[in-house]
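Raw coords-v2.txt, compact mmCIF, C-alpha atoms and all ligand atoms:
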```txt
# COMPACT_ATOMS: atom_id res chain seq x y z
CA MET D 9 75.23 93.12 112.91
CA PRO D 10 71.71 92.78 111.44
CA THR D 11 70.89 89.90 113.75
CA THR D 12 71.05 92.08 116.86
CA LEU D 13 70.67 95.57 115.45
CA PRO D 14 67.08 96.76 115.33
CA SER D 15 66.15 98.36 112.03
CA VAL D 16 65.14 101.98 111.73
CA PRO D 17 63.14 103.56 108.94
CA HIS D 18 65.57 104.63 106.26
CA GLY D 19 66.87 108.13 106.85
CA GLY D 20 66.19 109.09 103.26
CA PRO D 21 68.70 110.35 100.79
CA SER D 22 71.41 112.74 101.86
CA ASP D 23 70.80 116.30 100.80
CA ARG D 24 73.56 117.11 98.33
CA SER D 25 72.86 120.85 98.45
CA GLY D 26 73.48 121.19 102.18
CA ASP D 27 70.12 122.89 102.76
CA LEU D 28 68.48 120.96 105.57
CA SER D 29 66.69 123.92 107.09
CA ASN D 30 63.19 122.45 106.94
CA GLY D 31 64.01 118.88 107.86
CA ASP D 32 64.02 116.58 110.84
CA PRO D 33 66.97 117.68 113.07
CA ARG D 34 68.15 114.07 113.05
CA GLN D 35 69.15 114.64 109.42
CA ARG D 36 71.91 116.91 110.69
CA LEU D 37 73.44 114.65 113.35
CA ILE D 38 76.25 112.20 112.58
CA VAL D 39 77.47 109.96 115.40
CA ALA D 40 81.14 108.94 115.12
CA LEU D 41 81.72 105.24 115.81
CA ASP D 42 85.34 105.63 116.94
CA VAL D 43 85.68 102.14 118.42
CA SER D 44 87.74 99.09 117.48
CA THR D 45 85.17 96.31 117.27
CA ALA D 46 81.87 95.71 115.51
CA ALA D 47 80.44 94.59 118.85
CA ALA D 48 81.24 97.95 120.45
CA ALA D 49 79.78 99.76 117.43
CA ARG D 50 76.63 97.66 117.60
CA LYS D 51 76.21 98.47 121.27
CA ILE D 52 76.41 102.22 120.60
CA VAL D 53 74.01 102.08 117.65
CA ALA D 54 71.48 100.08 119.67
CA ALA D 55 71.79 102.50 122.61
CA VAL D 56 71.28 105.57 120.40
CA GLY D 57 68.19 103.95 118.90
CA ASP D 58 66.24 106.16 116.55
CA SER D 59 67.77 109.39 117.89
CA ALA D 60 70.32 109.36 115.05
CA LEU D 61 70.17 108.14 111.47
CA THR D 62 73.77 108.56 110.31
CA TYR D 63 76.98 107.02 111.66
CA LYS D 64 80.56 107.84 110.81
CA VAL D 65 82.84 104.85 110.22
CA GLY D 66 86.43 106.02 110.27
CA MET D 67 89.79 104.43 109.74
CA GLN D 68 89.96 102.78 113.17
CA LEU D 69 86.76 100.75 112.92
CA TYR D 70 87.14 100.14 109.19
CA THR D 71 90.72 98.90 109.57
CA ALA D 72 89.71 96.63 112.43
CA GLU D 73 86.49 95.20 111.03
CA GLY D 74 86.43 95.89 107.29
CA PRO D 75 83.44 96.56 105.04
CA GLN D 76 81.02 94.22 106.80
CA VAL D 77 80.45 96.77 109.54
CA VAL D 78 79.34 99.24 106.85
CA ARG D 79 77.11 96.70 105.10
CA ASP D 80 75.43 95.85 108.38
CA LEU D 81 74.71 99.48 109.25
CA VAL D 82 73.28 100.10 105.77
CA ALA D 83 71.19 96.91 105.94
CA SER D 84 69.67 98.08 109.23
CA GLY D 85 68.49 101.34 107.61
CA ARG D 86 71.24 103.64 108.91
CA ARG D 87 73.17 106.00 106.71
CA VAL D 88 76.94 105.68 106.71
CA PHE D 89 79.53 108.42 106.41
CA LEU D 90 82.70 106.56 105.41
CA ASP D 91 85.53 108.77 106.63
CA LEU D 92 88.64 107.19 105.11
CA LYS D 93 90.06 110.41 103.62
CA TYR D 94 91.19 108.97 100.29
CA HIS D 95 94.32 110.58 98.83
CA ASP D 96 96.06 108.75 95.97
CA ILE D 97 96.32 108.84 92.19
CA PRO D 98 92.99 109.48 90.43
CA THR D 99 92.55 105.91 89.15
CA THR D 100 93.08 104.43 92.60
CA VAL D 101 90.77 106.89 94.34
CA GLY D 102 88.10 106.43 91.68
CA ALA D 103 88.27 102.66 92.14
CA ALA D 104 88.00 102.98 95.93
CA VAL D 105 84.99 105.30 95.60
CA THR D 106 83.33 102.77 93.27
CA GLU D 107 83.69 100.16 96.02
CA ALA D 108 82.39 102.55 98.68
CA ALA D 109 79.38 103.39 96.50
CA SER D 110 78.60 99.71 96.11
CA LEU D 111 78.69 99.31 99.91
CA GLY D 112 75.82 101.79 100.01
CA VAL D 113 77.51 104.61 101.91
CA SER D 114 75.85 108.04 101.85
CA MET D 115 78.90 110.25 102.39
CA LEU D 116 82.66 109.79 102.07
CA THR D 117 85.82 111.86 102.37
CA VAL D 118 88.74 112.59 100.06
CA HIS D 119 91.68 114.95 100.62
CA ALA D 120 91.32 118.13 98.53
CA ALA D 121 95.13 118.25 98.41
CA GLY D 122 94.97 115.30 96.00
CA GLY D 123 94.15 117.91 93.34
CA GLY D 124 91.46 118.50 90.74
CA LYS D 125 92.00 115.33 88.69
CA MET D 126 91.79 113.12 91.77
CA LEU D 127 88.68 114.92 93.03
CA ARG D 128 87.01 114.63 89.63
CA ALA D 129 87.77 110.89 89.55
CA ALA D 130 86.15 110.52 92.98
CA VAL D 131 83.05 112.48 91.93
CA ASP D 132 82.68 110.57 88.65
CA ALA D 133 82.86 107.24 90.48
CA ALA D 134 80.38 108.45 93.12
CA ASN D 135 77.82 109.24 90.42
CA ALA D 136 77.07 105.51 90.32
CA ARG D 137 75.10 106.23 93.49
CA PRO D 138 73.28 109.54 92.98
CA GLU D 139 72.68 110.27 96.66
CA LEU D 140 76.36 109.80 97.57
CA VAL D 141 77.95 113.02 98.85
CA VAL D 142 81.69 113.45 98.23
CA LEU D 143 83.25 115.65 100.90
CA ALA D 144 86.70 117.16 100.66
CA VAL D 145 88.98 117.56 103.65
CA THR D 146 90.91 120.82 103.30
CA VAL D 147 93.45 121.50 106.07
CA LEU D 148 93.48 119.14 109.04
CA THR D 149 92.64 121.15 112.15
CA SER D 150 95.72 119.62 113.80
CA MET D 151 97.86 121.74 111.44
CA ASP D 152 98.71 125.41 111.92
CA GLY D 153 100.34 127.98 109.67
CA ASN D 154 103.80 126.84 110.73
CA ASP D 155 103.05 123.24 109.72
CA LEU D 156 101.77 124.43 106.33
CA ASP D 157 104.89 126.50 105.82
CA LYS D 158 107.12 123.48 106.54
CA ILE D 159 105.42 121.43 103.84
CA GLY D 160 105.68 124.29 101.38
CA VAL D 161 102.08 125.47 101.38
CA ARG D 162 101.86 129.24 100.94
CA GLY D 163 99.42 131.59 102.66
CA THR D 164 97.46 131.41 105.88
CA VAL D 165 95.44 128.42 107.04
CA GLU D 166 92.25 130.32 106.16
CA ASP D 167 93.45 131.15 102.63
CA THR D 168 94.47 127.53 102.14
CA VAL D 169 91.10 126.22 103.33
CA VAL D 170 89.25 128.51 100.92
CA ARG D 171 91.62 127.67 98.04
CA LEU D 172 91.29 123.91 98.57
CA ALA D 173 87.50 124.12 99.06
CA THR D 174 87.23 126.08 95.81
CA ILE D 175 89.18 123.37 93.96
CA ALA D 176 86.93 120.72 95.53
CA LEU D 177 83.66 122.43 94.57
CA THR D 178 84.92 123.33 91.09
CA ASN D 179 85.64 119.67 90.51
CA GLY D 180 82.19 118.53 91.55
CA CYS D 181 82.54 117.67 95.23
CA GLN D 182 79.25 118.30 97.03
CA GLY D 183 80.89 119.64 100.16
CA VAL D 184 83.73 119.90 102.63
CA VAL D 185 84.62 118.98 106.17
CA ALA D 186 85.30 122.16 108.13
CA SER D 187 85.48 123.52 111.67
CA ALA D 188 82.75 125.96 112.67
CA ARG D 189 85.20 128.84 112.33
CA GLU D 190 86.10 127.79 108.79
CA ALA D 191 82.42 127.18 108.01
CA SER D 192 81.50 130.83 108.41
CA THR D 193 84.40 131.92 106.20
CA LEU D 194 83.47 129.34 103.57
CA ARG D 195 79.81 130.41 103.58
CA ALA D 196 80.86 134.07 103.22
CA GLU D 197 83.31 133.32 100.37
CA LEU D 198 81.65 130.45 98.53
CA GLY D 199 77.93 130.68 99.29
CA ASP D 200 75.46 128.16 100.62
CA LYS D 201 74.97 125.66 97.81
CA PHE D 202 77.24 122.99 99.25
CA VAL D 203 77.41 120.73 102.28
CA ILE D 204 79.58 121.52 105.30
CA VAL D 205 80.22 118.77 107.84
CA THR D 206 81.57 120.08 111.15
CA PRO D 207 83.28 117.96 113.82
CA GLY D 208 84.58 119.19 117.17
CA VAL D 209 81.06 119.77 118.49
CA ARG D 210 80.33 119.63 122.21
CA PRO D 211 76.97 120.15 123.92
CA ALA D 212 77.26 122.79 126.63
CA GLY D 213 78.63 121.31 129.84
CA SER D 214 80.18 118.15 128.36
CA ALA D 215 83.84 117.06 128.55
CA VAL D 216 86.04 118.69 125.94
CA GLY D 217 88.36 115.64 125.62
CA ASP D 218 91.34 116.24 123.32
CA GLN D 219 89.49 118.73 121.13
CA VAL D 220 91.22 122.09 121.21
CA ARG D 221 88.53 124.43 119.88
CA VAL D 222 84.98 123.28 120.38
CA VAL D 223 81.59 124.74 119.57
CA THR D 224 78.07 123.85 120.62
CA PRO D 225 75.66 122.23 118.16
CA ALA D 226 73.72 125.49 117.83
CA GLU D 227 76.90 127.48 117.18
CA ALA D 228 78.00 125.01 114.50
CA VAL D 229 74.68 125.27 112.67
CA ALA D 230 74.65 129.07 113.03
CA SER D 231 78.16 129.12 111.50
CA GLY D 232 76.86 127.34 108.43
CA ALA D 233 77.28 123.64 109.20
CA SER D 234 74.87 121.36 107.34
CA TYR D 235 75.80 118.35 109.48
CA ILE D 236 77.55 118.02 112.84
CA VAL D 237 79.74 115.08 113.84
CA VAL D 238 79.59 114.13 117.50
CA GLY D 239 81.58 111.23 118.92
CA ARG D 240 82.42 110.76 122.55
CA PRO D 241 79.77 113.02 124.11
CA ILE D 242 77.22 110.54 122.75
CA THR D 243 79.17 107.29 122.55
CA GLU D 244 80.54 107.57 126.09
CA ALA D 245 77.36 108.91 127.68
CA ALA D 246 75.56 106.86 130.31
CA ASP D 247 72.45 107.32 128.17
CA PRO D 248 73.52 107.87 124.54
CA ALA D 249 69.94 108.31 123.29
CA ALA D 250 69.22 111.02 125.86
CA GLU D 251 72.45 112.82 124.95
CA ALA D 252 71.60 112.62 121.25
CA ARG D 253 68.11 113.97 121.95
CA ALA D 254 69.56 116.86 123.96
CA ILE D 255 71.77 117.73 120.99
CA LEU D 256 68.82 117.53 118.60
CA GLY D 257 66.94 119.91 120.90
CA GLN D 258 69.81 122.38 120.74
CA ILE D 259 69.94 122.18 116.94
CA SER D 260 66.19 122.72 116.63
CA GLN D 261 66.09 125.94 118.64
O1 LIG S 301 85.77 114.38 119.60
P1 LIG S 301 84.69 113.49 119.05
O2 LIG S 301 84.69 112.14 119.73
O3 LIG S 301 83.32 114.12 119.01
O4 LIG S 301 85.16 113.26 117.53
C1 LIG S 301 84.30 112.88 116.54
C2 LIG S 301 85.00 112.76 115.21
O5 LIG S 301 85.35 114.03 114.64
C3 LIG S 301 86.28 111.94 115.22
O6 LIG S 301 86.00 110.78 114.47
C4 LIG S 301 87.32 112.77 114.52
O7 LIG S 301 87.93 112.04 113.48
C5 LIG S 301 86.55 113.91 113.90
N1 LIG S 301 87.31 115.15 113.86
C6 LIG S 301 87.47 115.93 114.96
N2 LIG S 301 88.11 117.11 114.94
C7 LIG S 301 88.61 117.53 113.83
C8 LIG S 301 88.49 116.76 112.67
C9 LIG S 301 87.84 115.59 112.71
O8 LIG S 301 87.02 115.55 116.02
N3 LIG S 301 89.20 118.69 113.86
```

The structure in this file should be written as structure tokens.
Amino acid sequence: MPTTLPSVPHGGPSDRSGDLSNGDPRQRLIVALDVSTAAAARKIVAAVGDSALTYKVGMQLYTAEGPQVVRDLVASGRRVFLDLKYHDIPTTVGAAVTEAASLGVSMLTVHAAGGGKMLRAAVDAANARPELVVLAVTVLTSMDGNDLDKIGVRGTVEDTVVRLATIALTNGCQGVVASAREASTLRAELGDKFVIVTPGVRPAGSAVGDQVRVVTPAEAVASGASYIVVGRPITEAADPAAEARAILGQISQ
């Protein structure tokens, strides 16, 4: 990837506190590289140019291309959010986080449902790279109260999100992944000293795709999101840089 990917100035360290209020709006935007080849990822990153600094590498691209795609993004000056949602015994998760830290990623995800010991193992391993933000996934937005009931989880989705987020923050995670709706509840219940990353964001007028509930970039930030994740509205745009800039404009207002 470095051979054809123009470098950008390094985006700087991630803000572990979640307070990005005075920064460059690009600090808040994460572009999801949900594609199956490094070549396709490279094309998107080149097309976005310097309109975004952070890219999400998820299980599709990582499974297809492995860690080199991450190394190449980092080498070109981009920040990487490695969204592999680790959930295993503490030793195994800690070891995986050690490897992710050595790849130079800036953010990664673990499942809060793995419990306090697993989360603590992830956080301890991440401390090898001080700017690395460990984010906990609480309840997948594809699950409703009925699904939780079937797997034996008590309480409403909202209660469960707050309970799992509390476990995550108590065990040292710097933040959570949450929908805009959950973000406002989490800010009200748990304060503003942690990062919230919000997906399911759509600029006004764009295709909703398979997202059920969507919010605009401005709504996500107003709900308490520190970072927004945007995939297809940017990656499938005729002009990805222009789309990213439009989103940045909406965040800045
Ligand atoms: O829909 P879009 O292409 O913007 O998706 C961007 C990313 O957000 C995807 O990688 C997906 O994994 C993530 N995500 C989501 N909705 C959720 C949770 C995660 O779109 N509820």

*asked:* List the spatial neighbours of Ala188 of chain D as a PyMOL selection string - criterion: any atom at most 10 Å away, only C-alpha atoms, same-chain residues fewer than 3 positions off excluded.
replied: chain D and resi 185+191-194+204-209+221-225+227-233+236

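Comparing the minimum interatomic distances between Leu61 of chain D and each of D:Ala121, D:Leu256, D:Val88, D:Ala196, counting only C-alpha atoms, we find that D:Val88 sits nearest.
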
Contacts with ligand LIG 301 (chain S) at most 7 Å, only C-alpha atoms and all ligand atoms counted, listed as a ChimeraX atom specification | /D:40,42,66,148-150,187,207-209,217-219,237-241

Contacts of Val145 of chain D at 12 Å or less, counting only C-alpha atoms, minus same-chain residues fewer than 4 places along, as a ChimeraX atom specification?
/D:91-95,116-123,127,149,168-177,181-187,190,204-207

Across D:Ser234, D:Arg137, D:Gly160, D:Leu41, the smallest distance to Leu90 of chain D, with all atoms listed in the file counted, is shown by D:Leu41

Got a sec: who's within 12 Å of segment 44-51 of chain D, counting all atoms listed in the file, leaving out chain neighbours fewer than 5 positions off, as an MDAnalysis selection string? chainID D and resid 9:15 39 56:57 63:81 84 86 239 243:244 247:249

Between atom CA of Thr62 of chain D and atom CA of Val131 of chain D lies a distance of 21.0 Å

note - atom CA of Arg189 of chain D and atom CA of Gly31 of chain D are separated by 23.8 Å

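Residue nearest Ala130 of chain D, chosen from D:Val105, D:Val82, D:Val203, D:Ala60 and counting only C-alpha atoms: D:Val105.
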
Residue with the minimum atom-to-atom distance to Arg128 of chain D, picked from D:Ala254, D:Pro98, D:Leu143, D:Ser260 with all atoms listed in the file counted, is D:Pro98

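In this structure, atom CA of Asp200 of chain D sits 15.4 Å away from atom CA of Val141 of chain D.
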
Any chance you could work out the axis-aligned box around segment 68-87 of chain D, listed atoms only, 4 Å on each side, giving centre and edge lengths in Å to one decimal, as lines of an AutoDock Vina configuration file?
```
center_x = 79.6
center_y = 100.1
center_z = 109.1
size_x = 30.2
size_y = 19.8
size_z = 16.1
```

Block slice segment 142-175 of chain D, N, CA, C and O atoms, emitted as an mmCIF file, in the first residue's frame:
```
data_model
loop_
_atom_site.group_PDB
_atom_site.id
_atom_site.type_symbol
_atom_site.label_atom_id
_atom_site.label_comp_id
_atom_site.auth_asym_id
_atom_site.auth_seq_id
_atom_site.Cartn_x
_atom_site.Cartn_y
_atom_site.Cartn_z
ATOM 1 N N VAL D 142 -9.148 1.674 23.907
ATOM 2 C CA VAL D 142 -9.888 0.405 23.921
ATOM 3 C C VAL D 142 -11.371 0.726 24.072
ATOM 4 O O VAL D 142 -11.789 1.360 25.041
ATOM 5 N N LEU D 143 -12.139 0.304 23.083
ATOM 6 C CA LEU D 143 -13.580 0.576 23.050
ATOM 7 C C LEU D 143 -14.343 -0.713 23.289
ATOM 8 O O LEU D 143 -14.025 -1.749 22.685
ATOM 9 N N ALA D 144 -15.367 -0.633 24.133
ATOM 10 C CA ALA D 144 -16.187 -1.812 24.379
ATOM 11 C C ALA D 144 -17.475 -1.736 23.563
ATOM 12 O O ALA D 144 -18.112 -0.687 23.484
ATOM 13 N N VAL D 145 -17.820 -2.857 22.970
ATOM 14 C CA VAL D 145 -19.117 -3.004 22.301
ATOM 15 C C VAL D 145 -20.076 -3.518 23.365
ATOM 16 O O VAL D 145 -19.755 -4.483 24.072
ATOM 17 N N THR D 146 -21.226 -2.876 23.511
ATOM 18 C CA THR D 146 -22.171 -3.307 24.552
ATOM 19 C C THR D 146 -23.178 -4.296 23.951
ATOM 20 O O THR D 146 -22.896 -5.489 23.891
ATOM 21 N N VAL D 147 -24.314 -3.783 23.475
ATOM 22 C CA VAL D 147 -25.313 -4.658 22.837
ATOM 23 C C VAL D 147 -25.310 -4.343 21.346
ATOM 24 O O VAL D 147 -25.454 -3.179 20.958
ATOM 25 N N LEU D 148 -25.155 -5.355 20.525
ATOM 26 C CA LEU D 148 -25.189 -5.128 19.078
ATOM 27 C C LEU D 148 -26.538 -4.514 18.718
ATOM 28 O O LEU D 148 -27.578 -4.955 19.228
ATOM 29 N N THR D 149 -26.537 -3.521 17.840
ATOM 30 C CA THR D 149 -27.813 -2.861 17.527
ATOM 31 C C THR D 149 -28.731 -3.769 16.710
ATOM 32 O O THR D 149 -29.894 -3.455 16.518
ATOM 33 N N SER D 150 -28.212 -4.908 16.268
ATOM 34 C CA SER D 150 -29.069 -5.886 15.577
ATOM 35 C C SER D 150 -29.917 -6.685 16.574
ATOM 36 O O SER D 150 -30.788 -7.441 16.170
ATOM 37 N N MET D 151 -29.643 -6.527 17.875
ATOM 38 C CA MET D 151 -30.383 -7.298 18.884
ATOM 39 C C MET D 151 -31.431 -6.429 19.567
ATOM 40 O O MET D 151 -31.167 -5.277 19.895
ATOM 41 N N ASP D 152 -32.620 -7.028 19.811
ATOM 42 C CA ASP D 152 -33.638 -6.303 20.573
ATOM 43 C C ASP D 152 -33.853 -7.009 21.913
ATOM 44 O O ASP D 152 -33.175 -7.989 22.238
ATOM 45 N N GLY D 153 -34.820 -6.497 22.667
ATOM 46 C CA GLY D 153 -35.080 -7.037 24.001
ATOM 47 C C GLY D 153 -35.404 -8.531 23.975
ATOM 48 O O GLY D 153 -35.004 -9.295 24.863
ATOM 49 N N ASN D 154 -36.120 -8.939 22.942
ATOM 50 C CA ASN D 154 -36.487 -10.341 22.789
ATOM 51 C C ASN D 154 -35.244 -11.228 22.615
ATOM 52 O O ASN D 154 -35.129 -12.306 23.208
ATOM 53 N N ASP D 155 -34.309 -10.750 21.794
ATOM 54 C CA ASP D 155 -33.059 -11.504 21.587
ATOM 55 C C ASP D 155 -32.277 -11.614 22.897
ATOM 56 O O ASP D 155 -31.712 -12.671 23.205
ATOM 57 N N LEU D 156 -32.242 -10.518 23.655
ATOM 58 C CA LEU D 156 -31.525 -10.548 24.940
ATOM 59 C C LEU D 156 -32.170 -11.549 25.885
ATOM 60 O O LEU D 156 -31.488 -12.332 26.555
ATOM 61 N N ASP D 157 -33.501 -11.536 25.910
ATOM 62 C CA ASP D 157 -34.239 -12.451 26.772
ATOM 63 C C ASP D 157 -33.888 -13.900 26.432
ATOM 64 O O ASP D 157 -33.627 -14.723 27.318
ATOM 65 N N LYS D 158 -33.839 -14.204 25.143
ATOM 66 C CA LYS D 158 -33.552 -15.591 24.703
ATOM 67 C C LYS D 158 -32.172 -16.064 25.136
ATOM 68 O O LYS D 158 -31.960 -17.253 25.349
ATOM 69 N N ILE D 159 -31.218 -15.144 25.233
ATOM 70 C CA ILE D 159 -29.882 -15.580 25.674
ATOM 71 C C ILE D 159 -29.697 -15.373 27.182
ATOM 72 O O ILE D 159 -28.590 -15.472 27.705
ATOM 73 N N GLY D 160 -30.796 -15.074 27.854
ATOM 74 C CA GLY D 160 -30.753 -15.037 29.317
ATOM 75 C C GLY D 160 -30.258 -13.745 29.916
ATOM 76 O O GLY D 160 -29.865 -13.713 31.081
ATOM 77 N N VAL D 161 -30.282 -12.671 29.115
ATOM 78 C CA VAL D 161 -29.853 -11.375 29.660
ATOM 79 C C VAL D 161 -31.083 -10.649 30.200
ATOM 80 O O VAL D 161 -32.065 -10.464 29.478
ATOM 81 N N ARG D 162 -31.022 -10.230 31.457
ATOM 82 C CA ARG D 162 -32.182 -9.596 32.075
ATOM 83 C C ARG D 162 -32.219 -8.089 31.789
ATOM 84 O O ARG D 162 -31.182 -7.485 31.507
ATOM 85 N N GLY D 163 -33.414 -7.521 31.886
ATOM 86 C CA GLY D 163 -33.555 -6.068 31.734
ATOM 87 C C GLY D 163 -33.732 -5.634 30.289
ATOM 88 O O GLY D 163 -33.656 -6.434 29.358
ATOM 89 N N THR D 164 -33.950 -4.338 30.127
ATOM 90 C CA THR D 164 -34.151 -3.780 28.786
ATOM 91 C C THR D 164 -32.800 -3.642 28.063
ATOM 92 O O THR D 164 -31.735 -3.732 28.689
ATOM 93 N N VAL D 165 -32.883 -3.357 26.775
ATOM 94 C CA VAL D 165 -31.657 -3.111 26.008
ATOM 95 C C VAL D 165 -30.904 -1.931 26.631
ATOM 96 O O VAL D 165 -29.687 -1.991 26.840
ATOM 97 N N GLU D 166 -31.655 -0.876 26.963
ATOM 98 C CA GLU D 166 -31.015 0.332 27.513
ATOM 99 C C GLU D 166 -30.295 0.034 28.839
ATOM 100 O O GLU D 166 -29.150 0.441 29.044
ATOM 101 N N ASP D 167 -30.984 -0.698 29.720
ATOM 102 C CA ASP D 167 -30.351 -1.066 31.002
ATOM 103 C C ASP D 167 -29.079 -1.875 30.752
ATOM 104 O O ASP D 167 -28.069 -1.708 31.438
ATOM 105 N N THR D 168 -29.163 -2.777 29.788
ATOM 106 C CA THR D 168 -28.031 -3.666 29.504
ATOM 107 C C THR D 168 -26.850 -2.872 28.940
ATOM 108 O O THR D 168 -25.697 -3.102 29.313
ATOM 109 N N VAL D 169 -27.161 -1.913 28.070
ATOM 110 C CA VAL D 169 -26.097 -1.067 27.508
ATOM 111 C C VAL D 169 -25.398 -0.303 28.632
ATOM 112 O O VAL D 169 -24.159 -0.280 28.710
ATOM 113 N N VAL D 170 -26.178 0.288 29.532
ATOM 114 C CA VAL D 170 -25.576 1.070 30.620
ATOM 115 C C VAL D 170 -24.787 0.149 31.558
ATOM 116 O O VAL D 170 -23.670 0.485 31.981
ATOM 117 N N ARG D 171 -25.335 -1.029 31.848
ATOM 118 C CA ARG D 171 -24.636 -1.963 32.750
ATOM 119 C C ARG D 171 -23.297 -2.397 32.144
ATOM 120 O O ARG D 171 -22.253 -2.377 32.807
ATOM 121 N N LEU D 172 -23.329 -2.771 30.864
ATOM 122 C CA LEU D 172 -22.089 -3.235 30.219
ATOM 123 C C LEU D 172 -21.087 -2.083 30.049
ATOM 124 O O LEU D 172 -19.876 -2.275 30.212
ATOM 125 N N ALA D 173 -21.579 -0.901 29.744
ATOM 126 C CA ALA D 173 -20.665 0.256 29.598
ATOM 127 C C ALA D 173 -20.018 0.571 30.943
ATOM 128 O O ALA D 173 -18.832 0.920 31.003
ATOM 129 N N THR D 174 -20.784 0.438 32.014
ATOM 130 C CA THR D 174 -20.234 0.700 33.356
ATOM 131 C C THR D 174 -19.119 -0.295 33.669
ATOM 132 O O THR D 174 -18.044 0.090 34.176
ATOM 133 N N ILE D 175 -19.349 -1.562 33.346
ATOM 134 C CA ILE D 175 -18.304 -2.580 33.567
ATOM 135 C C ILE D 175 -17.061 -2.233 32.740
ATOM 136 O O ILE D 175 -15.926 -2.328 33.216
#
```
